[in-house]
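Below is the file target.cif, which contains mmCIF, C-alpha atoms and all ligand atoms.
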```cif
data_input
loop_
_atom_site.label_atom_id
_atom_site.label_comp_id
_atom_site.auth_asym_id
_atom_site.auth_seq_id
_atom_site.Cartn_x
_atom_site.Cartn_y
_atom_site.Cartn_z
CA MET A 321 -5.86 -0.54 -4.87
CA SER A 322 -2.86 0.83 -6.75
CA VAL A 323 0.37 2.11 -5.15
CA LEU A 324 -0.68 5.45 -6.63
CA SER A 325 -3.77 5.54 -4.42
CA GLY A 326 -3.66 8.62 -2.20
CA LYS A 327 -0.53 9.95 -3.91
CA LYS A 328 -0.41 13.63 -4.91
CA VAL A 329 0.54 13.77 -8.56
CA LEU A 330 1.61 17.05 -10.16
CA LEU A 331 1.39 16.86 -13.95
CA GLY A 332 3.32 19.42 -15.98
CA VAL A 333 2.12 19.78 -19.57
CA THR A 334 4.31 21.44 -22.20
CA ALA A 335 3.63 22.50 -25.78
CA GLY A 336 3.82 19.36 -27.88
CA ILE A 337 1.08 17.73 -29.93
CA ALA A 338 1.13 14.78 -27.47
CA ALA A 339 -0.44 17.18 -24.94
CA TYR A 340 -3.81 15.96 -26.22
CA LYS A 341 -3.06 12.60 -24.61
CA THR A 342 -2.80 14.15 -21.16
CA ALA A 343 -6.60 14.11 -20.80
CA ASN A 344 -6.37 10.33 -20.70
CA LEU A 345 -3.29 10.45 -18.49
CA VAL A 346 -5.15 12.54 -15.88
CA ARG A 347 -8.11 10.12 -16.05
CA LEU A 348 -5.82 7.13 -15.43
CA PHE A 349 -4.15 8.79 -12.44
CA ILE A 350 -7.55 9.67 -10.96
CA LYS A 351 -8.80 6.13 -11.61
CA SER A 352 -5.84 4.72 -9.68
CA GLY A 353 -6.82 6.83 -6.68
CA ALA A 354 -4.28 9.64 -7.03
CA GLU A 355 -5.01 13.32 -6.40
CA VAL A 356 -3.96 15.29 -9.48
CA LYS A 357 -3.02 18.92 -10.06
CA VAL A 358 -1.98 20.17 -13.48
CA ILE A 359 0.30 23.03 -14.47
CA MET A 360 0.74 23.99 -18.10
CA THR A 361 3.22 26.09 -20.01
CA PRO A 362 1.34 28.99 -21.64
CA ALA A 363 1.99 27.61 -25.16
CA SER A 364 0.63 24.15 -24.28
CA LYS A 365 -2.86 25.67 -24.03
CA ASP A 366 -2.88 25.73 -27.85
CA PHE A 367 -2.91 21.91 -27.78
CA ILE A 368 -5.39 21.15 -24.97
CA THR A 369 -7.59 23.45 -22.93
CA PRO A 370 -7.09 24.04 -19.21
CA LEU A 371 -10.85 23.49 -18.84
CA THR A 372 -10.52 19.88 -20.02
CA LEU A 373 -7.69 19.16 -17.61
CA SER A 374 -9.25 20.96 -14.66
CA THR A 375 -12.55 19.12 -15.19
CA LEU A 376 -10.80 15.75 -15.31
CA SER A 377 -8.40 16.48 -12.45
CA LYS A 378 -11.12 18.16 -10.34
CA ASN A 379 -8.61 20.93 -9.54
CA PRO A 380 -7.84 24.36 -10.99
CA VAL A 381 -5.15 24.35 -13.66
CA HIS A 382 -2.48 27.04 -13.55
CA SER A 383 -0.10 28.25 -16.22
CA THR A 384 1.09 31.64 -14.96
CA PHE A 385 2.48 32.97 -11.70
CA TYR A 386 -0.80 34.72 -10.98
CA ASP A 387 -4.42 34.31 -12.08
CA LYS A 388 -6.19 37.53 -13.01
CA GLU A 389 -9.61 36.86 -11.47
CA GLU A 390 -10.39 40.55 -11.32
CA GLU A 391 -8.21 43.39 -12.46
CA GLU A 392 -7.14 44.40 -8.92
CA ASN A 393 -7.46 41.00 -7.26
CA GLU A 394 -4.64 38.87 -8.63
CA LEU A 395 -4.13 35.39 -7.15
CA TRP A 396 -0.52 34.36 -6.71
CA ASN A 397 0.23 30.74 -7.73
CA ASN A 398 2.97 29.75 -5.38
CA HIS A 399 5.37 27.47 -7.26
CA VAL A 400 7.14 26.53 -4.00
CA ASP A 401 3.88 25.34 -2.41
CA LEU A 402 2.97 23.37 -5.54
CA GLY A 403 6.41 21.76 -5.67
CA LEU A 404 6.24 20.77 -2.01
CA TRP A 405 2.63 19.56 -2.31
CA ALA A 406 3.54 16.86 -4.83
CA ASP A 407 4.53 13.28 -3.97
CA ILE A 408 5.36 12.76 -7.65
CA MET A 409 5.93 15.24 -10.47
CA ILE A 410 5.56 14.09 -14.07
CA ILE A 411 6.27 16.31 -17.05
CA ALA A 412 4.45 14.92 -20.06
CA PRO A 413 4.85 15.68 -22.83
CA ALA A 414 8.31 17.13 -22.19
CA THR A 415 9.39 19.12 -25.26
CA ALA A 416 13.00 19.70 -26.32
CA ASN A 417 12.62 23.34 -25.27
CA THR A 418 11.41 22.52 -21.73
CA LEU A 419 14.01 19.76 -21.31
CA SER A 420 16.76 22.18 -22.26
CA LYS A 421 15.47 24.81 -19.83
CA MET A 422 15.15 22.21 -17.03
CA THR A 423 18.76 21.21 -17.67
CA ASN A 424 19.99 24.77 -17.25
CA GLY A 425 17.76 25.83 -14.37
CA THR A 426 15.86 28.37 -16.44
CA CYS A 427 12.58 29.20 -14.76
CA ASP A 428 10.74 31.64 -16.96
CA ASN A 429 7.33 30.01 -16.44
CA LEU A 430 5.34 28.50 -13.57
CA LEU A 431 6.03 24.91 -14.62
CA LEU A 432 9.81 25.37 -14.67
CA ALA A 433 9.85 27.27 -11.37
CA THR A 434 7.78 24.49 -9.79
CA TYR A 435 10.14 21.85 -11.19
CA LEU A 436 13.08 23.63 -9.57
CA SER A 437 11.20 23.78 -6.25
CA ALA A 438 10.00 20.15 -6.24
CA LYS A 439 11.63 17.82 -3.71
CA CYS A 440 9.71 14.72 -4.85
CA PRO A 441 10.72 12.22 -7.56
CA VAL A 442 10.38 13.84 -10.98
CA TYR A 443 9.56 11.83 -14.11
CA PHE A 444 9.63 13.21 -17.64
CA ALA A 445 8.22 11.76 -20.86
CA PRO A 446 9.96 13.35 -23.88
CA ALA A 447 7.95 13.95 -27.04
CA MET A 448 9.26 15.54 -30.23
CA ASP A 449 10.06 14.86 -33.84
CA LEU A 450 12.68 12.20 -34.58
CA ASP A 451 15.49 14.54 -35.66
CA MET A 452 14.97 16.75 -32.62
CA TYR A 453 15.09 13.63 -30.42
CA LYS A 454 18.35 12.51 -32.05
CA HIS A 455 20.03 15.92 -31.84
CA PRO A 456 23.14 15.95 -29.62
CA SER A 457 21.78 18.89 -27.61
CA THR A 458 18.61 16.90 -26.79
CA LYS A 459 20.68 13.83 -25.92
CA ASN A 460 22.74 16.08 -23.67
CA SER A 461 19.56 17.33 -21.92
CA LEU A 462 18.23 13.80 -21.41
CA ASP A 463 21.55 12.59 -19.93
CA LYS A 464 21.96 15.63 -17.70
CA LEU A 465 18.41 15.48 -16.36
CA GLN A 466 18.88 11.82 -15.46
CA SER A 467 22.20 12.63 -13.79
CA TYR A 468 20.22 15.09 -11.60
CA GLY A 469 18.09 12.12 -10.46
CA ASN A 470 15.06 12.75 -12.68
CA VAL A 471 13.58 9.61 -14.20
CA MET A 472 13.05 9.42 -17.96
CA ILE A 473 10.09 7.55 -19.41
CA PRO A 474 11.60 7.01 -22.86
CA ALA A 475 9.88 8.07 -26.05
CA THR A 476 8.79 5.24 -28.32
CA SER A 477 9.05 4.69 -32.08
CA GLY A 478 6.19 5.13 -34.49
CA GLU A 479 4.43 7.59 -36.72
CA LEU A 480 5.01 11.18 -35.61
CA ALA A 481 2.84 14.26 -36.06
CA SER A 482 5.15 15.37 -38.90
CA GLY A 483 4.24 12.22 -40.81
CA LEU A 484 7.78 10.90 -40.38
CA VAL A 485 8.30 7.56 -38.71
CA GLY A 486 10.88 7.17 -35.94
CA GLU A 487 11.72 7.65 -32.27
CA GLY A 488 10.11 10.58 -30.47
CA ARG A 489 6.50 9.59 -29.69
CA MET A 490 5.52 10.20 -26.09
CA ALA A 491 4.94 6.92 -24.21
CA GLU A 492 1.23 6.06 -24.13
CA PRO A 493 -0.62 7.23 -20.96
CA GLU A 494 -1.21 3.59 -19.85
CA ASP A 495 2.53 2.92 -20.19
CA ILE A 496 3.42 6.10 -18.29
CA VAL A 497 1.17 5.07 -15.37
CA SER A 498 2.52 1.52 -15.27
CA PHE A 499 6.13 2.79 -15.57
CA ILE A 500 5.63 5.04 -12.52
CA THR A 501 3.76 2.29 -10.62
CA ASN A 502 6.58 -0.21 -11.22
CA ASP A 503 9.22 2.37 -10.36
CA ILE A 504 7.53 3.10 -7.02
CA LEU A 505 7.11 -0.62 -6.33
CA SER A 506 10.79 -1.32 -7.04
CA THR A 507 11.83 1.13 -4.32
CA LEU A 508 9.52 -0.31 -1.66
CA PRO A 509 11.18 -2.25 1.18
CA LEU A 510 8.92 -5.31 0.92
CA LYS A 511 9.02 -5.56 -2.88
CA GLY A 512 9.40 -9.24 -3.84
CA LYS A 513 8.48 -10.50 -0.35
CA LYS A 514 5.50 -12.76 0.25
CA ILE A 515 3.63 -12.54 3.53
CA LEU A 516 0.97 -14.81 5.00
CA ILE A 517 -1.39 -13.06 7.42
CA THR A 518 -4.29 -14.52 9.40
CA ALA A 519 -7.10 -12.30 10.65
CA GLY A 520 -10.49 -12.35 12.34
CA PRO A 521 -12.23 -14.99 14.41
CA THR A 522 -13.01 -18.59 13.55
CA TYR A 523 -16.48 -20.12 13.77
CA GLU A 524 -16.71 -23.67 15.10
CA ALA A 525 -19.98 -25.25 14.09
CA ILE A 526 -22.28 -26.79 16.73
CA ASP A 527 -25.05 -27.66 14.30
CA PRO A 528 -26.09 -26.30 10.86
CA VAL A 529 -27.17 -22.93 12.35
CA ARG A 530 -25.04 -22.39 15.46
CA PHE A 531 -21.37 -21.92 16.14
CA ILE A 532 -18.81 -21.01 18.79
CA GLY A 533 -17.08 -17.76 17.85
CA ASN A 534 -15.50 -14.68 19.39
CA HIS A 535 -15.60 -10.88 19.13
CA SER A 536 -12.53 -10.43 16.90
CA SER A 537 -13.29 -7.88 14.12
CA GLY A 538 -10.29 -8.75 11.97
CA LYS A 539 -9.29 -5.08 11.88
CA MET A 540 -5.74 -5.59 13.18
CA GLY A 541 -4.90 -8.31 10.63
CA PHE A 542 -6.44 -6.36 7.76
CA GLU A 543 -4.49 -3.22 8.68
CA ILE A 544 -1.26 -5.24 8.77
CA ALA A 545 -2.12 -6.68 5.34
CA LYS A 546 -2.72 -3.20 3.86
CA THR A 547 0.47 -1.76 5.35
CA ALA A 548 2.54 -4.69 4.06
CA ALA A 549 1.00 -4.44 0.57
CA ASN A 550 1.53 -0.67 0.46
CA LEU A 551 5.21 -1.40 1.06
CA GLY A 552 5.29 -3.78 -1.91
CA ALA A 553 4.67 -7.21 -0.31
CA GLU A 554 2.42 -9.79 -1.95
CA VAL A 555 0.02 -10.72 0.82
CA PHE A 556 -2.00 -13.91 1.36
CA LEU A 557 -4.66 -12.81 3.82
CA VAL A 558 -6.44 -15.80 5.36
CA SER A 559 -9.48 -14.37 7.08
CA GLY A 560 -12.11 -15.84 9.32
CA PRO A 561 -15.65 -14.39 9.06
CA SER A 562 -15.18 -10.60 9.09
CA PHE A 563 -16.91 -7.49 7.79
CA GLN A 564 -13.55 -5.90 6.93
CA LYS A 565 -13.08 -4.94 3.28
CA VAL A 566 -9.90 -4.87 1.28
CA ASN A 567 -9.21 -3.83 -2.29
CA HIS A 568 -5.51 -3.95 -3.14
CA SER A 569 -3.87 -5.50 -6.18
CA LEU A 570 -1.19 -7.15 -3.97
CA ILE A 571 -3.58 -8.71 -1.44
CA HIS A 572 -5.10 -12.14 -2.10
CA ARG A 573 -7.97 -12.67 0.32
CA ILE A 574 -8.74 -16.26 1.29
CA ASP A 575 -11.96 -16.53 3.29
CA VAL A 576 -12.28 -19.39 5.78
CA LYS A 577 -14.68 -20.29 8.58
CA SER A 578 -13.24 -22.75 11.04
CA ALA A 579 -9.84 -23.27 12.65
CA GLU A 580 -9.46 -26.40 10.51
CA ASP A 581 -10.10 -24.36 7.29
CA MET A 582 -7.57 -21.77 8.47
CA TYR A 583 -5.02 -24.50 9.26
CA ILE A 584 -5.38 -25.97 5.75
CA ALA A 585 -5.11 -22.55 4.04
CA CYS A 586 -2.04 -21.54 6.08
CA HIS A 587 -0.26 -24.80 5.30
CA LYS A 588 -1.03 -24.32 1.60
CA TYR A 589 0.82 -20.95 1.46
CA PHE A 590 3.44 -21.20 4.23
CA ALA A 591 6.23 -22.98 2.30
CA ASP A 592 6.30 -20.19 -0.26
CA VAL A 593 6.26 -17.11 1.99
CA ASP A 594 9.02 -15.11 3.67
CA VAL A 595 6.98 -14.01 6.67
CA ALA A 596 3.87 -15.32 8.45
CA ILE A 597 1.95 -13.08 10.85
CA LEU A 598 -0.79 -14.89 12.74
CA ALA A 599 -3.13 -12.22 14.03
CA ALA A 600 -6.34 -14.30 13.97
CA ALA A 601 -8.23 -15.10 17.14
CA VAL A 602 -8.48 -18.81 16.49
CA ALA A 603 -10.88 -20.83 18.64
CA ASP A 604 -8.93 -23.12 20.98
CA TYR A 605 -11.78 -25.62 21.17
CA LYS A 606 -14.44 -26.94 18.81
CA PRO A 607 -17.45 -29.22 19.32
CA LYS A 608 -16.31 -32.83 19.13
CA ASN A 609 -19.36 -33.77 17.07
CA ILE A 610 -21.27 -31.41 14.79
CA ALA A 611 -25.00 -32.21 14.83
CA THR A 612 -26.24 -32.76 11.31
CA GLN A 613 -29.71 -31.41 12.20
CA LYS A 614 -30.56 -28.30 14.20
CA ILE A 615 -30.46 -29.18 17.91
CA LYS A 616 -34.00 -28.91 19.34
CA LYS A 617 -34.68 -27.13 22.61
CA LYS A 618 -35.35 -29.44 25.56
CA ASP A 619 -36.00 -28.83 29.25
CA ALA A 620 -32.81 -30.56 30.37
CA ALA A 621 -29.39 -28.88 30.34
CA LEU A 622 -27.37 -29.35 27.19
CA THR A 623 -23.73 -30.35 27.30
CA ILE A 624 -21.52 -29.94 24.25
CA GLU A 625 -18.28 -31.85 24.39
CA LEU A 626 -15.35 -29.80 23.09
CA GLU A 627 -12.00 -30.92 21.76
CA PRO A 628 -8.90 -28.79 21.04
CA THR A 629 -8.47 -27.28 17.58
CA LYS A 630 -5.14 -27.59 15.83
CA ASP A 631 -2.68 -24.90 16.93
CA ILE A 632 -1.82 -23.32 13.58
CA LEU A 633 0.97 -21.12 14.90
CA LYS A 634 2.68 -24.02 16.67
CA SER A 635 2.34 -26.26 13.62
CA LEU A 636 4.04 -23.62 11.43
CA GLY A 637 6.81 -23.17 14.03
CA GLU A 638 7.52 -26.90 13.77
CA ILE A 639 8.05 -26.81 10.00
CA LYS A 640 9.49 -23.34 9.47
CA LYS A 641 12.74 -23.02 7.50
CA HIS A 642 13.63 -19.52 6.26
CA GLN A 643 10.34 -17.90 7.32
CA LEU A 644 10.00 -15.24 9.99
CA LEU A 645 7.12 -16.34 12.22
CA ILE A 646 5.16 -13.77 14.21
CA GLY A 647 2.45 -14.63 16.69
CA PHE A 648 0.02 -12.58 18.75
CA ALA A 649 -0.76 -13.02 22.41
CA LEU A 650 -3.76 -11.57 24.18
CA GLU A 651 -3.23 -11.94 27.89
CA THR A 652 -4.97 -10.85 31.05
CA ASN A 653 -2.22 -11.51 33.62
CA ASN A 654 1.43 -12.43 33.81
CA GLU A 655 1.59 -11.00 30.29
CA VAL A 656 5.33 -10.83 29.53
CA GLU A 657 6.14 -14.23 31.08
CA ASN A 658 3.31 -15.89 29.15
CA ALA A 659 4.41 -14.24 25.92
CA LYS A 660 8.02 -15.33 26.41
CA SER A 661 6.95 -18.90 26.99
CA LYS A 662 4.85 -18.75 23.78
CA ILE A 663 7.93 -17.61 21.80
CA GLU A 664 9.76 -20.72 22.96
CA ARG A 665 6.90 -23.22 22.71
CA LYS A 666 5.83 -22.08 19.24
CA LYS A 667 9.33 -21.26 17.88
CA LEU A 668 8.47 -17.64 17.07
CA ASP A 669 10.75 -14.84 15.90
CA LEU A 670 8.54 -12.14 17.36
CA ILE A 671 5.41 -11.96 19.46
CA VAL A 672 3.00 -9.04 19.54
CA LEU A 673 1.57 -8.84 23.03
CA ASN A 674 -1.62 -7.05 24.01
CA SER A 675 -2.89 -6.96 27.53
CA LEU A 676 -6.60 -6.75 28.21
CA ARG A 677 -5.59 -4.72 31.27
CA ASP A 678 -4.64 -1.84 28.91
CA GLU A 679 -7.64 0.29 28.05
CA GLY A 680 -8.20 0.51 24.28
CA ALA A 681 -6.23 -2.69 23.52
CA GLY A 682 -7.41 -5.97 22.03
CA PHE A 683 -10.60 -7.03 20.27
CA ALA A 684 -13.19 -4.98 18.42
CA THR A 685 -11.60 -1.60 19.13
CA ASP A 686 -10.04 0.81 16.63
CA THR A 687 -6.96 1.17 18.80
CA ASN A 688 -4.34 -1.13 20.24
CA LYS A 689 -1.46 -1.01 22.68
CA ILE A 690 1.31 -3.48 21.99
CA ASN A 691 4.62 -4.75 23.24
CA ILE A 692 6.76 -6.54 20.65
CA ILE A 693 9.09 -9.14 22.14
CA ASP A 694 11.81 -10.92 20.15
CA VAL A 695 13.60 -14.26 20.62
CA ASP A 696 16.20 -12.63 22.84
CA PHE A 697 13.32 -11.27 24.95
CA ASN A 698 14.07 -7.67 24.00
CA GLN A 699 10.89 -5.69 24.50
CA ASN A 700 9.61 -2.75 22.48
CA VAL A 701 6.66 -1.14 24.24
CA PHE A 702 4.47 1.18 22.14
CA GLU A 703 1.90 3.79 23.10
CA LEU A 704 -1.84 3.35 22.53
CA LYS A 705 -2.39 4.05 18.81
CA SER A 706 -4.88 3.46 16.01
CA LYS A 707 -4.64 -0.06 14.59
CA LYS A 708 -3.40 1.46 11.32
CA GLU A 709 -0.45 3.07 13.15
CA VAL A 710 0.14 -0.12 15.17
CA SER A 711 0.32 -2.09 11.91
CA LYS A 712 3.13 0.24 10.76
CA ASP A 713 5.08 -0.41 13.99
CA ILE A 714 4.70 -4.17 13.53
CA ILE A 715 5.76 -4.09 9.86
CA ASN A 716 8.73 -1.81 10.65
CA GLU A 717 9.92 -4.28 13.27
CA ILE A 718 9.60 -7.10 10.72
CA ILE A 719 11.51 -5.12 8.07
CA ASN A 720 14.32 -4.54 10.60
CA LYS A 721 14.45 -8.30 11.28
CA LEU A 722 14.35 -9.20 7.56
CA TYR A 723 17.32 -6.99 6.74
CA ALA A 724 19.23 -7.39 10.02
N1 LIG N 1 -3.26 -19.50 17.29
C1 LIG N 1 -3.27 -20.38 16.25
N2 LIG N 1 -4.02 -21.49 16.29
C2 LIG N 1 -4.78 -21.77 17.34
C3 LIG N 1 -4.81 -20.87 18.44
C4 LIG N 1 -4.02 -19.75 18.39
O1 LIG N 1 -2.57 -20.12 15.26
N3 LIG N 1 -5.54 -22.87 17.36
C5 LIG N 1 -2.38 -18.32 17.25
C6 LIG N 1 -3.07 -16.98 17.25
O2 LIG N 1 -3.34 -16.52 15.94
C7 LIG N 1 -2.05 -16.09 17.94
C8 LIG N 1 -1.35 -17.03 18.88
O3 LIG N 1 -1.62 -18.35 18.42
O4 LIG N 1 -1.06 -15.63 17.03
C9 LIG N 1 -1.74 -16.88 20.31
O5 LIG N 1 -2.91 -17.49 20.61
P1 LIG N 1 -3.38 -17.69 22.12
O6 LIG N 1 -4.74 -18.23 22.04
O7 LIG N 1 -3.14 -16.46 22.89
O8 LIG N 1 -2.31 -18.71 22.64
P2 LIG N 1 -2.44 -20.15 23.15
O9 LIG N 1 -1.30 -20.89 22.60
O10 LIG N 1 -3.79 -20.66 22.85
O11 LIG N 1 -2.16 -20.01 24.68
P3 LIG N 1 -3.10 -19.68 25.90
O12 LIG N 1 -4.48 -20.16 25.57
O13 LIG N 1 -2.47 -20.40 26.99
O14 LIG N 1 -3.02 -18.21 26.08
#
```

Please, can you express the file's structure as structure tokens?
Amino acid sequence: MSVLSGKKVLLGVTAGIAAYKTANLVRLFIKSGAEVKVIMTPASKDFITPLTLSTLSKNPVHSTFYDKEEEENELWNNHVDLGLWADIMIIAPATANTLSKMTNGTCDNLLLATYLSAKCPVYFAPAMDLDMYKHPSTKNSLDKLQSYGNVMIPATSGELASGLVGEGRMAEPEDIVSFITNDILSTLPLKGKKILITAGPTYEAIDPVRFIGNHSSGKMGFEIAKTAANLGAEVFLVSGPSFQKVNHSLIHRIDVKSAEDMYIACHKYFADVDVAILAAAVADYKPKNIATQKIKKKDAALTIELEPTKDILKSLGEIKKHQLLIGFALETNNEVENAKSKIERKKLDLIVLNSLRDEGAGFATDTNKINIIDVDFNQNVFELKSKKEVSKDIINEIINKLYA
């Protein structure tokens, strides 16, 4: 999944020959999961048809303040609504004429009026012939627009439509998308941070076909992983057997089965991470001996001797240096006291406490109700929320600790 996934992208197309490349630009935005709307200056329709861009963007394309559907039934295209709809506005190609008008606040077409109304980050990708690009008035526009906070995606050098060779080619659509992606990533609070997360249950083998497991779905850990990655973190998600799915370029999924596998994977990544969040429901006991053949049914009772698994959280607490260590506690009674004692025993920075006494909290539900307790035993009690929302509360608390 890209950071552009789910983002509302408003593409403004102006009248330069590079407008033909916007078909590919729209495709790339759609491919990365963004929702795209296109507005065009009237003259840009000589370079690419609105039909092409509306088909690719799956949205109507507008170029005037109203669409004449029928003579007496004109549809008003509200530039303010369009400007507020967008999470990102990108003007590509941005001609010298449009850049100059943007600089001066001229709004004699829908695109310019929308630009003036937009509150989101605005990117522009200039495209023009080399002498126009070099002209002091153009340079003045580029500087001024950047001083207003707009972000320039610089033109590149190469052969131009005039046949001349020089600076003025619009950046390629692939480069525009990666420029915007990197720009968004660089502003995210967890950019550059590495986070280890455990999720799901563990399966402790009894024989080749049976195991001891639990009802953990992995949902809480996976939601935390997605929230952290959406905020720019590189995530190492060590998951026990789980049906949860994840598809994000910043999440590395490491599938494990047993507590021992999870212990080994966590120790492999821990030294290199900034934060470890252990949300997995790890089995506390495992069969002392795993039968090599399937155990046959007999009339007599069967006793399986169990031995403790390694406590992964405690083992990380013992070796932690710079890392923030966050554990989970699922309790049924004496919740806060038990959680506090876990913070001390396992050398945690934070503990996320759920009580099975709270309806909607814990395993295999889509909701959770948590209390986050820190080393000073400050408590932050949250309402019952979806696990997605809970993951945001947990990550916010971690961000506050990281930058405290
Ligand atoms: N945990 C772990 N390794 C284990 C068992 C638990 O890393 N072998 C982690 C869990 O991922 C969770 C935390 O420890 O973050 C709490 O687990 P829990 O089973 O509640 O705590 P215990 O220390 O086992 O204490 P108790 O059984 O007394 O509640």

Checklist entry - Counting all atoms listed in the file, what is within 7 Å of A:Ser377, bar same-chain residues fewer than 3 positions away, as JSON, numbers by chain? => result {"A": [346, 356, 357, 373, 374]}

Closest-contact table, stretch 603-656 of chain A side, partner stretch 531-549 of chain A, 9 Å, counting all atoms listed in the file, as a Markdown table:
```
| residue | atom | partner | partner_atom | distance |
| --- | --- | --- | --- | --- |
| A:Ala603 | CA | A:Gly533 | CA | 7.0 |
| A:Tyr605 | CA | A:Ile532 | CA | 8.7 |
| A:Lys606 | CA | A:Ile532 | CA | 7.4 |
| A:Pro607 | CA | A:Ile532 | CA | 8.3 |
```

Next on the checklist: As an exercise, work out the distance from atom CA of A:Leu551 to atom CA of A:Ser437 in Å and give it to one decimal place.
Outcome noted: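 Distance reported for this atom pair: 26.9 Å.
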
Next on the checklist: At a cut-off of 9 Å and counting only C-alpha atoms and all ligand atoms, what residues surround ligand LIG 1 (chain N)? Please answer as a PyMOL selection string.
Outcome noted: chain A and resi 518-519+579-580+582-583+597-605+628-636+646-651+658-659+662+665-666+671-673

Now that the selection is made, can you save its residues with C-alpha atoms as a tab-separated table (two decimals), in the frame of the given file?
```
chain	number	residue	atom	x	y	z
A	518	THR	CA	-4.29	-14.52	9.40
A	519	ALA	CA	-7.10	-12.30	10.65
A	579	ALA	CA	-9.84	-23.27	12.65
A	580	GLU	CA	-9.46	-26.40	10.51
A	582	MET	CA	-7.57	-21.77	8.47
A	583	TYR	CA	-5.02	-24.50	9.26
A	597	ILE	CA	1.95	-13.08	10.85
A	598	LEU	CA	-0.79	-14.89	12.74
A	599	ALA	CA	-3.13	-12.22	14.03
A	600	ALA	CA	-6.34	-14.30	13.97
A	601	ALA	CA	-8.23	-15.10	17.14
A	602	VAL	CA	-8.48	-18.81	16.49
A	603	ALA	CA	-10.88	-20.83	18.64
A	604	ASP	CA	-8.93	-23.12	20.98
A	605	TYR	CA	-11.78	-25.62	21.17
A	628	PRO	CA	-8.90	-28.79	21.04
A	629	THR	CA	-8.47	-27.28	17.58
A	630	LYS	CA	-5.14	-27.59	15.83
A	631	ASP	CA	-2.68	-24.90	16.93
A	632	ILE	CA	-1.82	-23.32	13.58
A	633	LEU	CA	0.97	-21.12	14.90
A	634	LYS	CA	2.68	-24.02	16.67
A	635	SER	CA	2.34	-26.26	13.62
A	636	LEU	CA	4.04	-23.62	11.43
A	646	ILE	CA	5.16	-13.77	14.21
A	647	GLY	CA	2.45	-14.63	16.69
A	648	PHE	CA	0.02	-12.58	18.75
A	649	ALA	CA	-0.76	-13.02	22.41
A	650	LEU	CA	-3.76	-11.57	24.18
A	651	GLU	CA	-3.23	-11.94	27.89
A	658	ASN	CA	3.31	-15.89	29.15
A	659	ALA	CA	4.41	-14.24	25.92
A	662	LYS	CA	4.85	-18.75	23.78
A	665	ARG	CA	6.90	-23.22	22.71
A	666	LYS	CA	5.83	-22.08	19.24
A	671	ILE	CA	5.41	-11.96	19.46
A	672	VAL	CA	3.00	-9.04	19.54
A	673	LEU	CA	1.57	-8.84	23.03
```

Next on the checklist: Please determine, counting only C-alpha atoms, which residue among A:Glu554, A:Asp592, A:Asp366, A:Glu355 has the shortest atom-to-atom distance to A:Ile337.
Outcome noted: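 Under the stated criterion, the closest residue is A:Asp366.
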
Checklist entry - So which residues fall inside 8 Å of (9.7, 10.7, -31.4) if we count all atoms listed in the file? Mind giving them as a PyMOL selection string? => result chain A and resi 446-450+453+475-478+480+486-490
